[in-house]
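Reading through the C-alpha cells given below for one structure.
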Amino acid sequence: MKGMTVIVKKVTELMCGVIFLYGIYIIIHGHLTPGGGFAGGVIIAGSFILLILSFGSDFLALKKEETGSSLIESSAILTFLIIAVLGMIIGGTGVFFKNFLPGGTIGKLISAGVIPLYNIAIGMEVAAAILTIFLALLIYKDEVLK
C-alpha cells in the first residue's frame, strides 16, 4: 500500500504531533480531569494509526512481526507491577498498590501520589496493545481474507 495523496500526508504530518501531545496531556492530567491512562493510550495509538493509514504500510517497512510494540507493551505491564510491589515494600504495611509518594496540594499536577505513574504505565500499555492489534490486522489481512 503506497499511501494517500500529498494533501492527506501533509495534514497528517501537521496533526499527528498535536494528537500525540494531546494523548500525553490526557495521561498526565488523568487524576485531575476525566481521562487517564486508557483514554490517553487510545489517543496516542490513534496518532500512529493515522500515520500508517496516510503514508501506507511501506512507511514502517512492516514485516510479519510486531516486536517493537509488543516489547513496549510488556515493559509497561512490568512497570505497573513494579510500582505496585514497591508500594507493598516501601509502604511498610504489606498492602499491594500502597501509595508511597507524598500527596501534594489538591488540584495541582503533583498531588496524587503514585496515580500519575500508574496512568503513564497504563497509557503505554494501551497504546502499544491497540497499535499491535492494528498492525496484526494490517500485516495478516491477506491471510484472513482467504
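Ordered as shown in the C-alpha cells, chains take letters A, B, and onward, while each chain numbers its residues from 1 and ligands are numbered from 1 in the order shown.
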- Leaving out A:Ala39 and any residue of its chain fewer than 3 positions from it, which residues lie within 8 Å of it when counting only C-alpha atoms, given as JSON, numbers by chain? {"A": [23, 26, 27, 35, 36, 42, 43, 123]}
Suppose we keep N, CA and C atoms; can you now write the selection as a PDB file, in the first residue's frame?
ATOM      1  N   GLY A  23      -2.687  13.235  23.651  1.00  0.00           N
ATOM      2  CA  GLY A  23      -2.739  11.957  24.361  1.00  0.00           C
ATOM      3  C   GLY A  23      -1.871  11.973  25.615  1.00  0.00           C
ATOM      4  N   ILE A  26      -3.656  14.010  28.269  1.00  0.00           N
ATOM      5  CA  ILE A  26      -4.748  13.256  28.899  1.00  0.00           C
ATOM      6  C   ILE A  26      -4.189  12.260  29.920  1.00  0.00           C
ATOM      7  N   ILE A  27      -3.079  11.621  29.599  1.00  0.00           N
ATOM      8  CA  ILE A  27      -2.480  10.658  30.535  1.00  0.00           C
ATOM      9  C   ILE A  27      -1.975  11.359  31.789  1.00  0.00           C
ATOM     10  N   GLY A  35     -10.345  11.253  32.067  1.00  0.00           N
ATOM     11  CA  GLY A  35      -9.336  10.677  31.183  1.00  0.00           C
ATOM     12  C   GLY A  35      -8.410   9.807  31.992  1.00  0.00           C
ATOM     13  N   GLY A  36      -7.217   9.689  31.536  1.00  0.00           N
ATOM     14  CA  GLY A  36      -6.243   8.870  32.228  1.00  0.00           C
ATOM     15  C   GLY A  36      -5.497   7.983  31.268  1.00  0.00           C
ATOM     16  N   VAL A  42      -5.289   5.327  23.964  1.00  0.00           N
ATOM     17  CA  VAL A  42      -6.044   5.174  22.720  1.00  0.00           C
ATOM     18  C   VAL A  42      -5.755   6.347  21.781  1.00  0.00           C
ATOM     19  N   ILE A  43      -5.667   7.555  22.333  1.00  0.00           N
ATOM     20  CA  ILE A  43      -5.376   8.731  21.507  1.00  0.00           C
ATOM     21  C   ILE A  43      -3.982   8.637  20.907  1.00  0.00           C
ATOM     22  N   GLY A 123      -1.176   3.971  30.043  1.00  0.00           N
ATOM     23  CA  GLY A 123      -1.209   4.621  28.738  1.00  0.00           C
ATOM     24  C   GLY A 123      -0.250   3.989  27.752  1.00  0.00           C
TER      25      GLY A 123
END
Counting only C-alpha atoms, closest pick from A:Phe48, A:Phe55, A:Tyr25, A:Tyr140 relative to A:Pro116 is A:Tyr25
Exercise for review: Would you mind listing what lies within 10 Å of A:Tyr22 as a ChimeraX atom specification, with only C-alpha atoms counted and same-chain residues fewer than 4 positions away left out?
Suggested key: /A:16-18,26-28,40,43-44,47
For those residues, write C-alpha atoms to a file as a CSV table (one decimal), in the first residue's frame.
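File written: out02.csv
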chain,number,residue,atom,x,y,z
A,16,CYS,CA,-0.1,13.7,14.4
A,17,GLY,CA,2.2,15.7,16.7
A,18,VAL,CA,-0.8,17.6,18.1
A,26,ILE,CA,-4.7,13.3,28.9
A,27,ILE,CA,-2.5,10.7,30.5
A,28,ILE,CA,-0.6,13.1,32.8
A,40,GLY,CA,-4.7,8.8,26.5
A,43,ILE,CA,-5.4,8.7,21.5
A,44,ILE,CA,-1.6,8.1,21.2
A,47,SER,CA,-1.9,9.2,16.1
Checklist entry - Got a sec: who's within 12 Å of A:Ile110, counting only C-alpha atoms, leaving out chain neighbours fewer than 5 positions off, as JSON, numbers by chain? => result {"A": [28, 29, 30, 31, 32, 101, 102, 103, 104, 105, 115, 116, 117]}
Could you name the residues that touch A:Glu73 at 7 Å or less, counting only C-alpha atoms, but leaving out those on the same chain fewer than 5 positions away, as a PDB file with C-alpha atoms, in the first residue's frame?
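Result went into result27.pdb, see below:
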ATOM      1  CA  MET A 124       1.930   2.992  27.350  1.00  0.00           C
ATOM      2  CA  GLU A 125       0.359  -0.452  27.588  1.00  0.00           C
ATOM      3  CA  ALA A 128       1.107  -0.454  22.394  1.00  0.00           C
ATOM      4  CA  ALA A 129      -1.706  -3.015  22.605  1.00  0.00           C
TER       5      ALA A 129
END
- Task: For each of A:Ala76, A:Ile49, A:Met15, A:Leu21, take the minimum atom-to-atom distance to A:Ile133, counting only C-alpha atoms, then give the residue where this is smallest.
- Result: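 So, comparing all the options, the nearest one is A:Ile49.
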- Message: What does the structure give for the distance between atom CA of A:Val114 and atom CA of A:Ile72, in Å to one decimal?
- Response: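 Atom CA of A:Ile72 lies at a distance of 20.4 Å from atom CA of A:Val114.
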Best match for closeness to A:Lys10 among A:Val126, A:Tyr118, A:Ala136, A:Ser54, counting only C-alpha atoms
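With only C-alpha atoms as the atom set, the closest residue is A:Ser54.
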TODO: Do a neighbour search on A:Phe100 at 9 Å with only C-alpha atoms, toss out local chain neighbours closer than 4 positions, and write the hits as a VMD selection string.
DONE: chain A and resid 86 to 88 90 to 91 113 to 114
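Computed from the coordinates, the atom CA of A:Leu131 to atom CA of A:Gly46 distance equals 8.1 Å.
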Each residue of stretch 16-64 of chain A with at least one atom at most 12 Å from stretch 4-7 of chain A should appear once, together with its nearest atom pair and the corresponding distance in Å (one decimal); atoms considered: only C-alpha atoms; ordering: chain, then increasing residue number; output as a tab-separated table.
residue	atom	partner	partner_atom	distance
A:Leu50	CA	A:Met4	CA	11.2
A:Leu51	CA	A:Met4	CA	10.5
A:Ile52	CA	A:Met4	CA	10.2
A:Leu53	CA	A:Met4	CA	7.9
A:Ser54	CA	A:Met4	CA	5.3
A:Phe55	CA	A:Met4	CA	6.3
A:Gly56	CA	A:Met4	CA	7.2
A:Ser57	CA	A:Met4	CA	10.9
A:Asp58	CA	A:Met4	CA	11.9
A:Phe59	CA	A:Met4	CA	11.5
Deliver the residues from the most recent selection as a file, using N, CA and C atoms, as a PDB file, in the first residue's frame.
ATOM      1  N   LEU A  50      -3.031   6.806  12.349  1.00  0.00           N
ATOM      2  CA  LEU A  50      -3.255   7.815  11.318  1.00  0.00           C
ATOM      3  C   LEU A  50      -2.041   7.957  10.404  1.00  0.00           C
ATOM      4  N   LEU A  51      -0.842   7.924  10.988  1.00  0.00           N
ATOM      5  CA  LEU A  51       0.381   7.963  10.174  1.00  0.00           C
ATOM      6  C   LEU A  51       0.458   6.776   9.221  1.00  0.00           C
ATOM      7  N   ILE A  52       0.179   5.597   9.738  1.00  0.00           N
ATOM      8  CA  ILE A  52       0.263   4.390   8.915  1.00  0.00           C
ATOM      9  C   ILE A  52      -0.779   4.422   7.807  1.00  0.00           C
ATOM     10  N   LEU A  53      -1.995   4.884   8.126  1.00  0.00           N
ATOM     11  CA  LEU A  53      -3.042   4.923   7.112  1.00  0.00           C
ATOM     12  C   LEU A  53      -2.749   5.938   6.014  1.00  0.00           C
ATOM     13  N   SER A  54      -2.160   7.079   6.370  1.00  0.00           N
ATOM     14  CA  SER A  54      -1.942   8.097   5.347  1.00  0.00           C
ATOM     15  C   SER A  54      -0.681   7.841   4.525  1.00  0.00           C
ATOM     16  N   PHE A  55       0.372   7.323   5.145  1.00  0.00           N
ATOM     17  CA  PHE A  55       1.620   7.095   4.417  1.00  0.00           C
ATOM     18  C   PHE A  55       1.723   5.687   3.838  1.00  0.00           C
ATOM     19  N   GLY A  56       0.845   4.796   4.237  1.00  0.00           N
ATOM     20  CA  GLY A  56       0.863   3.442   3.707  1.00  0.00           C
ATOM     21  C   GLY A  56       1.676   2.507   4.578  1.00  0.00           C
ATOM     22  N   SER A  57       1.486   1.234   4.356  1.00  0.00           N
ATOM     23  CA  SER A  57       2.182   0.240   5.174  1.00  0.00           C
ATOM     24  C   SER A  57       3.669   0.166   4.855  1.00  0.00           C
ATOM     25  N   ASP A  58       4.083   0.683   3.705  1.00  0.00           N
ATOM     26  CA  ASP A  58       5.513   0.698   3.374  1.00  0.00           C
ATOM     27  C   ASP A  58       6.279   1.706   4.230  1.00  0.00           C
ATOM     28  N   PHE A  59       5.551   2.647   4.832  1.00  0.00           N
ATOM     29  CA  PHE A  59       6.155   3.704   5.653  1.00  0.00           C
ATOM     30  C   PHE A  59       6.968   3.129   6.806  1.00  0.00           C
TER      31      PHE A  59
END
